[in-house]
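To be precise, the following lines are coords_24.tsv, and they hold TSV, C-alpha atoms.
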chain	number	residue	atom	x	y	z
N	1	MET	CA	26.45	36.61	-11.92
N	2	SER	CA	25.69	38.91	-9.01
N	3	ASN	CA	23.43	38.21	-6.07
N	4	GLU	CA	22.38	41.84	-5.82
N	5	PRO	CA	18.59	42.10	-6.01
N	6	VAL	CA	17.30	42.79	-9.52
N	7	ASN	CA	15.40	46.08	-9.55
N	8	GLU	CA	13.54	45.83	-12.84
N	9	PRO	CA	11.56	42.88	-14.22
N	10	GLU	CA	13.65	40.64	-16.48
N	11	GLU	CA	12.82	40.34	-20.17
N	12	GLY	CA	10.15	37.68	-20.62
N	13	VAL	CA	8.20	38.50	-17.45
N	14	PRO	CA	4.50	39.06	-18.24
N	15	ASP	CA	2.98	42.52	-17.80
N	16	GLY	CA	1.84	43.44	-14.33
N	17	PHE	CA	4.30	41.31	-12.38
N	18	VAL	CA	6.46	43.30	-9.97
N	19	ILE	CA	9.39	42.09	-7.89
N	20	ALA	CA	8.39	40.90	-4.42
N	21	LYS	CA	10.37	42.48	-1.58
N	22	TRP	CA	12.05	40.12	0.90
N	23	ARG	CA	13.01	40.55	4.53
N	24	GLY	CA	15.43	37.60	4.45
N	25	GLY	CA	18.22	36.52	2.15
N	26	PHE	CA	16.73	33.43	0.52
N	27	GLY	CA	14.13	35.22	-1.59
N	28	ASN	CA	16.87	37.28	-3.21
N	29	GLN	CA	19.22	34.31	-3.54
N	30	VAL	CA	16.79	32.32	-5.67
N	31	GLY	CA	14.84	35.31	-7.02
N	32	PRO	CA	13.76	37.62	-8.24
N	33	ILE	CA	10.32	36.31	-7.29
N	34	TYR	CA	7.48	38.33	-8.83
N	35	GLN	CA	3.89	38.92	-7.79
N	36	ARG	CA	0.83	40.26	-9.51
N	37	PHE	CA	-2.60	41.29	-8.27
N	38	SER	CA	-5.08	41.21	-11.16
N	39	ASP	CA	-8.11	43.41	-11.60
N	40	ASP	CA	-10.42	40.46	-11.03
N	41	GLY	CA	-9.05	40.05	-7.48
N	42	THR	CA	-6.85	37.05	-8.23
N	43	TRP	CA	-3.10	36.90	-7.63
N	44	ALA	CA	-0.06	34.89	-8.61
N	45	ARG	CA	3.62	34.72	-7.85
N	46	GLY	CA	6.16	33.86	-10.51
N	47	PHE	CA	9.79	33.50	-11.53
N	48	LEU	CA	11.63	33.26	-14.80
N	49	VAL	CA	13.67	30.05	-15.08
N	50	GLY	CA	17.30	31.15	-15.43
N	51	ALA	CA	20.55	29.22	-15.61
N	52	ARG	CA	20.86	29.60	-11.82
N	53	HIS	CA	17.69	27.49	-11.38
N	54	THR	CA	18.64	24.55	-13.59
N	55	ASN	CA	19.33	20.91	-12.84
N	56	GLY	CA	21.65	18.61	-14.78
N	57	PHE	CA	19.02	18.22	-17.51
N	58	ASP	CA	19.02	22.00	-18.13
N	59	ASN	CA	15.50	22.59	-16.91
N	60	CYS	CA	14.25	23.91	-13.59
N	61	HIS	CA	15.61	21.96	-10.59
N	62	GLY	CA	12.92	20.25	-8.55
N	63	GLY	CA	14.35	21.93	-5.46
N	64	MET	CA	13.60	25.34	-6.95
N	65	LEU	CA	10.03	24.26	-7.70
N	66	MET	CA	9.75	23.07	-4.08
N	67	ALA	CA	11.10	26.37	-2.76
N	68	PHE	CA	8.72	28.26	-5.02
N	69	ALA	CA	5.81	26.09	-3.87
N	70	ASP	CA	6.50	27.14	-0.28
N	71	MET	CA	6.53	30.79	-1.35
N	72	ALA	CA	3.52	30.60	-3.66
N	73	PHE	CA	1.28	28.38	-1.53
N	74	GLY	CA	2.14	30.28	1.66
N	75	SER	CA	1.26	33.52	-0.07
N	76	ALA	CA	-2.38	32.52	0.24
N	77	VAL	CA	-2.00	33.18	3.98
N	78	THR	CA	-0.14	36.43	3.30
N	79	TYR	CA	-2.48	37.81	0.68
N	80	GLU	CA	-5.86	36.40	1.71
N	81	MET	CA	-5.45	36.73	5.50
N	82	HIS	CA	-2.69	39.35	5.93
N	83	ARG	CA	-0.95	37.22	8.55
N	84	PHE	CA	2.57	35.97	9.11
N	85	TRP	CA	2.93	32.18	8.94
N	86	VAL	CA	5.24	29.21	9.18
N	87	THR	CA	5.00	26.09	7.06
N	88	VAL	CA	3.87	22.89	8.81
N	89	ARG	CA	3.47	20.45	5.91
N	90	LEU	CA	3.65	20.56	2.16
N	91	VAL	CA	2.67	17.86	-0.31
N	92	THR	CA	4.02	18.50	-3.80
N	93	ASP	CA	3.27	16.48	-6.92
N	94	PHE	CA	5.58	17.03	-9.86
N	95	VAL	CA	3.44	17.00	-13.00
N	96	SER	CA	5.82	18.26	-15.69
N	97	GLY	CA	9.11	20.09	-16.00
N	98	ALA	CA	9.67	23.83	-16.41
N	99	ASN	CA	12.18	24.75	-19.09
N	100	LEU	CA	14.95	27.31	-19.10
N	101	GLY	CA	13.39	30.64	-20.12
N	102	GLU	CA	9.82	29.76	-19.13
N	103	PHE	CA	7.95	31.98	-16.69
N	104	VAL	CA	6.58	29.84	-13.87
N	105	GLN	CA	3.48	31.01	-11.99
N	106	GLY	CA	1.95	29.73	-8.79
N	107	ASN	CA	-0.89	30.47	-6.40
N	108	ALA	CA	-3.17	28.77	-3.89
N	109	VAL	CA	-6.63	29.00	-2.36
N	110	VAL	CA	-7.43	28.66	1.34
N	111	THR	CA	-9.42	25.47	1.86
N	112	GLY	CA	-9.70	25.44	5.64
N	113	HIS	CA	-8.94	27.34	8.84
N	114	THR	CA	-9.08	25.64	12.24
N	115	ASP	CA	-7.54	27.23	15.31
N	116	ASP	CA	-4.16	28.53	14.13
N	117	PHE	CA	-3.87	26.16	11.17
N	118	VAL	CA	-4.73	27.05	7.60
N	119	SER	CA	-4.83	24.55	4.76
N	120	VAL	CA	-4.44	25.54	1.13
N	121	ARG	CA	-4.60	23.90	-2.28
N	122	GLY	CA	-1.95	25.16	-4.66
N	123	ALA	CA	-0.93	25.05	-8.30
N	124	ILE	CA	2.21	25.86	-10.25
N	125	TRP	CA	2.08	26.21	-14.01
N	126	VAL	CA	3.58	27.78	-17.14
N	127	GLY	CA	1.92	29.33	-20.17
N	128	GLY	CA	-1.26	31.28	-19.47
N	129	ASN	CA	-2.21	33.46	-16.54
N	130	ARG	CA	-4.45	30.91	-14.84
N	131	PRO	CA	-3.61	27.37	-13.77
N	132	ASP	CA	-6.59	26.01	-15.71
N	133	GLY	CA	-6.33	28.27	-18.76
N	134	PRO	CA	-6.24	26.86	-22.30
N	135	ASP	CA	-2.60	27.90	-22.75
N	136	SER	CA	-1.43	26.64	-19.38
N	137	ARG	CA	0.56	23.49	-18.60
N	138	ALA	CA	0.55	22.20	-15.03
N	139	VAL	CA	4.01	21.88	-13.48
N	140	MET	CA	3.10	21.04	-9.90
N	141	THR	CA	0.02	20.58	-7.77
N	142	GLY	CA	-0.05	20.30	-4.03
N	143	THR	CA	-1.46	21.14	-0.66
N	144	GLY	CA	-0.04	23.07	2.26
N	145	LEU	CA	-0.69	23.34	5.96
N	146	PHE	CA	0.50	26.53	7.63
N	147	LYS	CA	0.45	27.82	11.18
N	148	VAL	CA	-0.67	31.44	11.16
N	149	LEU	CA	1.14	33.94	13.38
N	150	GLY	CA	0.37	37.59	14.07
N	151	GLU	CA	-1.17	40.19	11.81
N	152	ARG	CA	1.09	41.81	9.26
N	153	PRO	CA	1.63	45.56	9.64
N	154	GLY	CA	-0.31	47.93	7.41
N	155	THR	CA	-3.02	46.67	5.14
N	156	SER	CA	-3.17	43.98	2.47
N	157	PRO	CA	-2.87	45.37	-1.07
N	158	LEU	CA	-5.05	42.56	-2.37
N	159	LEU	CA	-7.79	42.92	0.25
N	160	ASP	CA	-7.71	46.71	-0.19
N	161	MET	CA	-8.14	46.26	-3.94
N	162	ARG	CA	-11.10	43.93	-3.50
N	163	ARG	CA	-12.81	46.36	-1.13
N	164	SER	CA	-12.34	49.37	-3.40
S	1	MET	CA	28.41	38.09	-2.24
S	2	SER	CA	29.53	36.08	-5.24
S	3	ASN	CA	27.79	33.15	-6.83
S	4	GLU	CA	31.07	31.52	-7.79
S	5	PRO	CA	31.20	27.98	-6.40
S	6	VAL	CA	32.97	27.75	-3.04
S	7	ASN	CA	35.99	25.45	-3.38
S	8	GLU	CA	36.80	24.76	0.26
S	9	PRO	CA	34.40	23.77	3.06
S	10	GLU	CA	33.16	26.76	5.06
S	11	GLU	CA	34.12	27.17	8.69
S	12	GLY	CA	31.65	25.21	10.83
S	13	VAL	CA	31.26	22.28	8.42
S	14	PRO	CA	31.89	18.96	10.23
S	15	ASP	CA	34.92	16.87	9.30
S	16	GLY	CA	34.56	14.59	6.31
S	17	PHE	CA	31.99	16.62	4.40
S	18	VAL	CA	33.12	17.61	0.91
S	19	ILE	CA	31.40	19.91	-1.56
S	20	ALA	CA	29.05	18.09	-3.94
S	21	LYS	CA	29.65	18.84	-7.61
S	22	TRP	CA	26.66	19.98	-9.68
S	23	ARG	CA	25.87	19.70	-13.37
S	24	GLY	CA	23.23	22.47	-13.19
S	25	GLY	CA	23.13	25.96	-11.78
S	26	PHE	CA	20.72	25.55	-8.88
S	27	GLY	CA	23.01	23.48	-6.67
S	28	ASN	CA	25.62	26.22	-6.81
S	29	GLN	CA	23.06	29.00	-6.42
S	30	VAL	CA	21.80	27.68	-3.07
S	31	GLY	CA	24.97	25.81	-2.11
S	32	PRO	CA	27.53	24.79	-1.37
S	33	ILE	CA	25.82	21.48	-0.64
S	34	TYR	CA	28.11	18.98	1.07
S	35	GLN	CA	28.15	15.19	1.20
S	36	ARG	CA	29.88	12.64	3.38
S	37	PHE	CA	30.26	8.89	3.13
S	38	SER	CA	31.05	7.47	6.57
S	39	ASP	CA	33.16	4.42	7.32
S	40	ASP	CA	30.07	2.54	8.50
S	41	GLY	CA	28.56	2.81	5.01
S	42	THR	CA	26.08	5.55	5.84
S	43	TRP	CA	25.89	8.90	4.07
S	44	ALA	CA	24.49	12.38	4.52
S	45	ARG	CA	24.23	15.62	2.64
S	46	GLY	CA	24.44	18.96	4.39
S	47	PHE	CA	24.62	22.74	4.17
S	48	LEU	CA	25.59	25.52	6.52
S	49	VAL	CA	22.76	28.00	7.05
S	50	GLY	CA	24.08	31.35	5.78
S	51	ALA	CA	22.47	34.76	5.42
S	52	ARG	CA	21.55	33.82	1.83
S	53	HIS	CA	19.28	31.05	3.18
S	54	THR	CA	17.31	33.08	5.73
S	55	ASN	CA	13.68	34.06	5.93
S	56	GLY	CA	12.28	37.19	7.57
S	57	PHE	CA	12.73	35.64	11.01
S	58	ASP	CA	16.50	35.24	10.41
S	59	ASN	CA	16.48	31.46	10.36
S	60	CYS	CA	16.52	29.07	7.43
S	61	HIS	CA	13.73	29.71	4.90
S	62	GLY	CA	11.31	26.83	4.53
S	63	GLY	CA	11.88	26.95	0.79
S	64	MET	CA	15.55	26.17	1.31
S	65	LEU	CA	14.64	23.23	3.54
S	66	MET	CA	12.27	22.02	0.79
S	67	ALA	CA	14.97	22.38	-1.87
S	68	PHE	CA	17.43	20.54	0.37
S	69	ALA	CA	14.85	17.80	1.01
S	70	ASP	CA	14.64	17.18	-2.72
S	71	MET	CA	18.44	16.97	-2.92
S	72	ALA	CA	18.92	14.88	0.22
S	73	PHE	CA	16.00	12.47	-0.22
S	74	GLY	CA	16.73	12.02	-3.93
S	75	SER	CA	20.33	11.18	-3.08
S	76	ALA	CA	19.11	7.83	-1.81
S	77	VAL	CA	18.47	6.95	-5.47
S	78	THR	CA	21.83	8.38	-6.49
S	79	TYR	CA	23.93	6.76	-3.79
S	80	GLU	CA	22.10	3.51	-3.10
S	81	MET	CA	21.12	2.69	-6.71
S	82	HIS	CA	23.57	4.73	-8.86
S	83	ARG	CA	20.74	5.90	-11.11
S	84	PHE	CA	19.54	9.22	-12.43
S	85	TRP	CA	16.06	10.20	-11.25
S	86	VAL	CA	13.28	12.77	-11.36
S	87	THR	CA	11.07	13.68	-8.42
S	88	VAL	CA	7.42	12.59	-8.60
S	89	ARG	CA	6.11	13.47	-5.13
S	90	LEU	CA	7.51	14.79	-1.89
S	91	VAL	CA	5.77	15.05	1.47
S	92	THR	CA	7.63	17.29	3.90
S	93	ASP	CA	6.77	17.87	7.55
S	94	PHE	CA	8.41	20.86	9.18
S	95	VAL	CA	9.34	19.81	12.72
S	96	SER	CA	11.55	22.67	13.92
S	97	GLY	CA	13.53	25.58	12.52
S	98	ALA	CA	17.20	25.64	11.53
S	99	ASN	CA	19.08	28.67	12.76
S	100	LEU	CA	21.62	30.88	11.03
S	101	GLY	CA	25.03	29.20	11.45
S	102	GLU	CA	23.71	25.68	12.08
S	103	PHE	CA	24.88	22.82	9.85
S	104	VAL	CA	21.83	21.02	8.47
S	105	GLN	CA	22.15	17.35	7.50
S	106	GLY	CA	19.79	15.11	5.58
S	107	ASN	CA	19.54	11.60	4.21
S	108	ALA	CA	16.99	8.95	3.28
S	109	VAL	CA	16.52	5.20	3.03
S	110	VAL	CA	14.90	3.37	0.14
S	111	THR	CA	11.62	1.84	1.34
S	112	GLY	CA	10.29	0.41	-1.91
S	113	HIS	CA	11.00	-0.15	-5.60
S	114	THR	CA	8.25	-1.08	-8.04
S	115	ASP	CA	8.78	-0.82	-11.79
S	116	ASP	CA	10.53	2.53	-12.31
S	117	PHE	CA	9.34	4.07	-9.05
S	118	VAL	CA	11.35	4.23	-5.86
S	119	SER	CA	9.97	5.39	-2.51
S	120	VAL	CA	12.18	6.73	0.26
S	121	ARG	CA	11.80	7.87	3.86
S	122	GLY	CA	13.93	10.90	4.66
S	123	ALA	CA	15.10	13.00	7.58
S	124	ILE	CA	16.66	16.43	7.97
S	125	TRP	CA	18.28	17.41	11.25
S	126	VAL	CA	20.88	19.53	13.02
S	127	GLY	CA	23.31	18.66	15.82
S	128	GLY	CA	24.77	15.17	15.66
S	129	ASN	CA	25.77	13.04	12.73
S	130	ARG	CA	22.70	10.80	12.78
S	131	PRO	CA	19.04	11.81	12.62
S	132	ASP	CA	18.30	9.82	15.78
S	133	GLY	CA	21.47	10.66	17.73
S	134	PRO	CA	21.35	12.07	21.27
S	135	ASP	CA	22.65	15.47	20.10
S	136	SER	CA	20.35	15.72	17.09
S	137	ARG	CA	17.22	17.81	16.69
S	138	ALA	CA	14.79	16.91	13.92
S	139	VAL	CA	14.12	19.73	11.46
S	140	MET	CA	12.05	17.90	8.85
S	141	THR	CA	10.77	14.43	8.15
S	142	GLY	CA	9.22	13.24	4.95
S	143	THR	CA	8.79	10.76	2.19
S	144	GLY	CA	9.67	10.88	-1.48
S	145	LEU	CA	8.62	9.11	-4.63
S	146	PHE	CA	11.09	9.21	-7.51
S	147	LYS	CA	11.07	7.87	-11.04
S	148	VAL	CA	14.41	6.26	-11.76
S	149	LEU	CA	16.09	6.86	-15.11
S	150	GLY	CA	19.26	5.38	-16.58
S	151	GLU	CA	22.40	4.20	-14.84
S	152	ARG	CA	24.89	6.86	-13.85
S	153	PRO	CA	28.32	6.69	-15.51
S	154	GLY	CA	31.22	5.19	-13.60
S	155	THR	CA	30.71	3.51	-10.27
S	156	SER	CA	29.06	4.61	-7.03
S	157	PRO	CA	31.59	5.77	-4.42
S	158	LEU	CA	29.30	4.56	-1.66
S	159	LEU	CA	28.64	1.14	-3.15
S	160	ASP	CA	32.34	0.73	-3.95
S	161	MET	CA	33.18	1.57	-0.34
S	162	ARG	CA	30.71	-0.98	1.00
S	163	ARG	CA	32.10	-3.68	-1.26
S	164	SER	CA	35.72	-3.02	-0.32
Represent the structure contained in this file as structure tokens.
Amino acid sequence: MSNEPVNEPEEGVPDGFVIAKWRGGFGNQVGPIYQRFSDDGTWARGFLVGARHTNGFDNCHGGMLMAFADMAFGSAVTYEMHRFWVTVRLVTDFVSGANLGEFVQGNAVVTGHTDDFVSVRGAIWVGGNRPDGPDSRAVMTGTGLFKVLGERPGTSPLLDMRRS
Amino acid sequence: MSNEPVNEPEEGVPDGFVIAKWRGGFGNQVGPIYQRFSDDGTWARGFLVGARHTNGFDNCHGGMLMAFADMAFGSAVTYEMHRFWVTVRLVTDFVSGANLGEFVQGNAVVTGHTDDFVSVRGAIWVGGNRPDGPDSRAVMTGTGLFKVLGERPGTSPLLDMRRS
């Protein structure tokens, strides 16, 4: 097994998800992590549970779900506000397991913004394309508190799409 | 960079830490994760922040700290109770960053046990060998709730050491 970044979506990844680019090593180490911006202005991140993500019970390790929660919940600050951020607090409730071969999706909505702190409510699920869809099974729910830093360079693909 | 498990402690790992063995792939993917049982009956897990753990700011990714929190806090159930477990809820407060090349340690104490649920209070730090030592800097604090499963096979090295 190589740690070289995967360049094409793995088999089993739903249409529209593309590999997220990372500036640091961790995203590649546990990735590929995917992202999708849908025509209705919503977004999600995702990953396909591989052998490298498993625990001793042969399903996704809770640590990987935690790492993904940080990436998926924090993306609300990236995508909705186009800012850099650091995590201050995460609360993660494990609702069900994610099995080897399942595609795990996650996203979050901004619920508050006071001074430099942004709170979000997040969800991680498998099955459908929405956390509350009829085919979806909740894997994790949670909340996050992030400190926002400076503006990201360029423009936000998601915000651009919503404006167009 | 290979994903083959590292067999010898990396340079910079404090004396007494040995590589923890994993039954699933994730521990090796983000590891090596180390563990140490000290003569005074305390224990810690740890990892050396490498390039594969970094975020875009070149220090340890918050997702790696979250994954390690699950492993370190949950180890209280492993080491103190010799049981298997699954994570139910984690609350993680990010106190400071961990830099590339720093050795990160973590442990937890059991604070409650009702029916099949065990609560713990955990700490993650760098510097000294204790979370509250004069050379230590807190990286994360938190609490965990775990559902305990069956007994682990064999005996607990830590509990055996305390009894001897």
Once you count all atoms listed in the file, what closest atom pair and distance in Å to one decimal does each residue of chain S within 9 Å of chain N have, with rows by chain and rising residue number, as a Markdown table?
| residue | atom | partner | partner_atom | distance |
| --- | --- | --- | --- | --- |
| S:Met1 | CA | N:Asn3 | CA | 6.3 |
| S:Ser2 | CA | N:Ser2 | CA | 6.1 |
| S:Asn3 | CA | N:Met1 | CA | 6.3 |
| S:Glu4 | CA | N:Met1 | CA | 8.0 |
| S:Trp22 | CA | N:Gly56 | CA | 7.3 |
| S:Arg23 | CA | N:Gly56 | CA | 4.6 |
| S:Gly24 | CA | N:Asn55 | CA | 4.2 |
| S:Gly25 | CA | N:Arg52 | CA | 4.3 |
| S:Phe26 | CA | N:His53 | CA | 4.4 |
| S:Gly27 | CA | N:Asn55 | CA | 7.6 |
| S:Asn28 | CA | N:Arg52 | CA | 7.7 |
| S:Gln29 | CA | N:Arg52 | CA | 5.9 |
| S:Val30 | CA | N:Gln29 | CA | 7.1 |
| S:Gly50 | CA | N:Gly25 | CA | 8.6 |
| S:Ala51 | CA | N:Gly25 | CA | 5.6 |
| S:Arg52 | CA | N:Gly25 | CA | 4.3 |
| S:His53 | CA | N:Phe26 | CA | 4.4 |
| S:Thr54 | CA | N:Gly25 | CA | 5.0 |
| S:Asn55 | CA | N:Gly24 | CA | 4.2 |
| S:Gly56 | CA | N:Gly24 | CA | 4.5 |
| S:Phe57 | CA | N:Gly24 | CA | 7.4 |
| S:Asp58 | CA | N:Gly24 | CA | 6.5 |
| S:Asn59 | CA | N:Gly24 | CA | 8.6 |
| S:Cys60 | CA | N:Phe26 | CA | 8.2 |
| S:His61 | CA | N:Phe26 | CA | 6.5 |
| S:Gly62 | CA | N:Asp70 | CA | 6.8 |
| S:Gly63 | CA | N:Ala67 | CA | 3.7 |
| S:Met64 | CA | N:Ala67 | CA | 6.0 |
| S:Leu65 | CA | N:Ala67 | CA | 7.9 |
| S:Met66 | CA | N:Met66 | CA | 5.6 |
| S:Ala67 | CA | N:Gly63 | CA | 3.7 |
| S:Phe68 | CA | N:Gly63 | CA | 6.7 |
| S:Ala69 | CA | N:Gly63 | CA | 7.7 |
| S:Asp70 | CA | N:Gly63 | CA | 5.5 |
| S:Met71 | CA | N:Gly63 | CA | 6.9 |
| S:Val86 | CA | N:Gly62 | CA | 8.0 |
| S:Thr87 | CA | N:Phe94 | CA | 6.6 |
| S:Val88 | CA | N:Phe94 | CA | 5.0 |
| S:Arg89 | CA | N:Asp93 | CA | 4.5 |
| S:Leu90 | CA | N:Thr92 | CA | 5.4 |
| S:Val91 | CA | N:Val91 | CA | 4.5 |
| S:Thr92 | CA | N:Leu90 | CA | 5.4 |
| S:Asp93 | CA | N:Arg89 | CA | 4.5 |
| S:Phe94 | CA | N:Val88 | CA | 5.0 |
| S:Val95 | CA | N:Val88 | CA | 7.4 |
> Please, which residues are within 12 Å of (11.4, 0.8, -4.2) by the file's coordinates, counting all atoms listed in the file, and could they come as an MDAnalysis selection string?
Replying inline: chainID S and resid 76:77 80:81 109:121 144:148
Can you give chain N as a compact mmCIF listing (two decimals) with C-alpha atoms, keeping the file's coordinate frame after you superpose it on chain S, pairing all C-alpha atoms in order for the least-squares fit?
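Here's the written file out.txt:
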# COMPACT_ATOMS: atom_id res chain seq x y z
CA MET N 1 28.40 38.00 -2.15
CA SER N 2 29.53 36.03 -5.18
CA ASN N 3 27.76 33.12 -6.80
CA GLU N 4 31.04 31.49 -7.78
CA PRO N 5 31.18 27.95 -6.40
CA VAL N 6 32.97 27.71 -3.05
CA ASN N 7 35.99 25.42 -3.38
CA GLU N 8 36.80 24.73 0.25
CA PRO N 9 34.41 23.76 3.06
CA GLU N 10 33.18 26.77 5.04
CA GLU N 11 34.12 27.17 8.69
CA GLY N 12 31.66 25.22 10.83
CA VAL N 13 31.26 22.29 8.43
CA PRO N 14 31.89 18.97 10.23
CA ASP N 15 34.92 16.87 9.29
CA GLY N 16 34.55 14.58 6.32
CA PHE N 17 31.99 16.62 4.40
CA VAL N 18 33.13 17.60 0.91
CA ILE N 19 31.41 19.90 -1.57
CA ALA N 20 29.06 18.07 -3.94
CA LYS N 21 29.65 18.81 -7.63
CA TRP N 22 26.66 19.99 -9.68
CA ARG N 23 25.87 19.71 -13.36
CA GLY N 24 23.23 22.46 -13.21
CA GLY N 25 23.13 25.96 -11.79
CA PHE N 26 20.72 25.55 -8.88
CA GLY N 27 23.01 23.48 -6.67
CA ASN N 28 25.62 26.23 -6.81
CA GLN N 29 23.05 29.00 -6.41
CA VAL N 30 21.80 27.69 -3.07
CA GLY N 31 24.99 25.80 -2.12
CA PRO N 32 27.52 24.80 -1.38
CA ILE N 33 25.82 21.49 -0.64
CA TYR N 34 28.12 18.98 1.08
CA GLN N 35 28.15 15.20 1.20
CA ARG N 36 29.87 12.65 3.37
CA PHE N 37 30.26 8.89 3.12
CA SER N 38 31.06 7.46 6.56
CA ASP N 39 33.14 4.41 7.32
CA ASP N 40 30.08 2.53 8.51
CA GLY N 41 28.54 2.79 5.02
CA THR N 42 26.08 5.55 5.85
CA TRP N 43 25.89 8.91 4.08
CA ALA N 44 24.48 12.38 4.53
CA ARG N 45 24.22 15.62 2.64
CA GLY N 46 24.44 18.96 4.40
CA PHE N 47 24.61 22.74 4.17
CA LEU N 48 25.59 25.51 6.51
CA VAL N 49 22.76 28.01 7.05
CA GLY N 50 24.07 31.35 5.78
CA ALA N 51 22.47 34.76 5.42
CA ARG N 52 21.54 33.83 1.83
CA HIS N 53 19.27 31.05 3.18
CA THR N 54 17.31 33.08 5.72
CA ASN N 55 13.67 34.07 5.94
CA GLY N 56 12.27 37.20 7.57
CA PHE N 57 12.73 35.64 11.02
CA ASP N 58 16.49 35.23 10.40
CA ASN N 59 16.47 31.46 10.34
CA CYS N 60 16.51 29.06 7.42
CA HIS N 61 13.72 29.72 4.89
CA GLY N 62 11.29 26.83 4.53
CA GLY N 63 11.87 26.96 0.78
CA MET N 64 15.55 26.18 1.31
CA LEU N 65 14.64 23.23 3.53
CA MET N 66 12.27 22.04 0.78
CA ALA N 67 14.97 22.38 -1.87
CA PHE N 68 17.41 20.55 0.37
CA ALA N 69 14.86 17.80 1.02
CA ASP N 70 14.64 17.18 -2.73
CA MET N 71 18.44 16.97 -2.92
CA ALA N 72 18.92 14.88 0.23
CA PHE N 73 16.00 12.47 -0.21
CA GLY N 74 16.73 12.00 -3.92
CA SER N 75 20.33 11.20 -3.08
CA ALA N 76 19.12 7.85 -1.80
CA VAL N 77 18.48 6.95 -5.46
CA THR N 78 21.84 8.39 -6.49
CA TYR N 79 23.93 6.79 -3.79
CA GLU N 80 22.10 3.52 -3.11
CA MET N 81 21.13 2.68 -6.72
CA HIS N 82 23.57 4.73 -8.85
CA ARG N 83 20.75 5.89 -11.12
CA PHE N 84 19.54 9.22 -12.44
CA TRP N 85 16.06 10.20 -11.24
CA VAL N 86 13.29 12.76 -11.33
CA THR N 87 11.08 13.68 -8.41
CA VAL N 88 7.42 12.58 -8.59
CA ARG N 89 6.11 13.48 -5.13
CA LEU N 90 7.51 14.79 -1.89
CA VAL N 91 5.77 15.05 1.47
CA THR N 92 7.63 17.29 3.90
CA ASP N 93 6.77 17.87 7.55
CA PHE N 94 8.40 20.85 9.20
CA VAL N 95 9.35 19.82 12.73
CA SER N 96 11.56 22.68 13.91
CA GLY N 97 13.53 25.58 12.50
CA ALA N 98 17.20 25.64 11.52
CA ASN N 99 19.09 28.68 12.75
CA LEU N 100 21.62 30.88 11.02
CA GLY N 101 25.03 29.21 11.44
CA GLU N 102 23.70 25.69 12.05
CA PHE N 103 24.87 22.84 9.85
CA VAL N 104 21.83 21.02 8.47
CA GLN N 105 22.15 17.35 7.51
CA GLY N 106 19.79 15.13 5.58
CA ASN N 107 19.54 11.61 4.21
CA ALA N 108 16.98 8.96 3.29
CA VAL N 109 16.52 5.21 3.04
CA VAL N 110 14.90 3.37 0.14
CA THR N 111 11.64 1.84 1.34
CA GLY N 112 10.30 0.42 -1.91
CA HIS N 113 11.02 -0.15 -5.59
CA THR N 114 8.26 -1.06 -8.04
CA ASP N 115 8.76 -0.81 -11.78
CA ASP N 116 10.54 2.52 -12.29
CA PHE N 117 9.34 4.08 -9.04
CA VAL N 118 11.36 4.23 -5.85
CA SER N 119 9.98 5.40 -2.52
CA VAL N 120 12.17 6.73 0.26
CA ARG N 121 11.80 7.89 3.85
CA GLY N 122 13.91 10.91 4.66
CA ALA N 123 15.10 13.01 7.58
CA ILE N 124 16.67 16.43 7.98
CA TRP N 125 18.28 17.41 11.26
CA VAL N 126 20.89 19.54 13.04
CA GLY N 127 23.31 18.67 15.82
CA GLY N 128 24.76 15.16 15.69
CA ASN N 129 25.76 13.03 12.74
CA ARG N 130 22.68 10.80 12.78
CA PRO N 131 19.03 11.81 12.64
CA ASP N 132 18.29 9.83 15.80
CA GLY N 133 21.47 10.66 17.72
CA PRO N 134 21.36 12.05 21.27
CA ASP N 135 22.65 15.45 20.10
CA SER N 136 20.37 15.70 17.09
CA ARG N 137 17.23 17.82 16.69
CA ALA N 138 14.80 16.92 13.92
CA VAL N 139 14.12 19.74 11.46
CA MET N 140 12.06 17.91 8.85
CA THR N 141 10.77 14.44 8.16
CA GLY N 142 9.22 13.26 4.95
CA THR N 143 8.79 10.77 2.18
CA GLY N 144 9.66 10.90 -1.49
CA LEU N 145 8.62 9.11 -4.63
CA PHE N 146 11.09 9.21 -7.51
CA LYS N 147 11.09 7.87 -11.04
CA VAL N 148 14.44 6.25 -11.75
CA LEU N 149 16.11 6.88 -15.11
CA GLY N 150 19.26 5.37 -16.58
CA GLU N 151 22.41 4.21 -14.85
CA ARG N 152 24.90 6.87 -13.86
CA PRO N 153 28.31 6.67 -15.54
CA GLY N 154 31.22 5.16 -13.62
CA THR N 155 30.69 3.52 -10.29
CA SER N 156 29.08 4.62 -7.04
CA PRO N 157 31.61 5.78 -4.43
CA LEU N 158 29.32 4.57 -1.66
CA LEU N 159 28.64 1.14 -3.16
CA ASP N 160 32.35 0.75 -3.96
CA MET N 161 33.19 1.58 -0.35
CA ARG N 162 30.72 -0.97 0.99
CA ARG N 163 32.12 -3.69 -1.27
CA SER N 164 35.74 -3.02 -0.35
>> I'd like the interatomic distance between atom CA of N:Leu48 and atom CA of S:Gly31, to a tenth of an Å.
In response: 19.9 Å
> What is the distance, in Å and to one decimal place, between atom CA of N:Asn107 and atom CA of N:Trp43?
Replying inline: 6.9 Å
> What is the atom CA of S:Gly46-atom CA of S:Thr155 distance in Å, reported with one decimal?
Replying inline: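 Distance between the two atoms: 22.2 Å.
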> With all atoms listed in the file as the basis for distance, which of S:Asp160, S:Val13, S:Gly133, S:Glu102 is at the shortest distance from S:Val49?
Replying inline: S:Glu102
>> Could you check which residues have any atom within 6 Å of (2.8, 35.6, -11.0), counting all atoms listed in the file with coordinates taken straight from the file, and then list them as a ChimeraX atom specification?
In response: /N:34-36,44-46,105
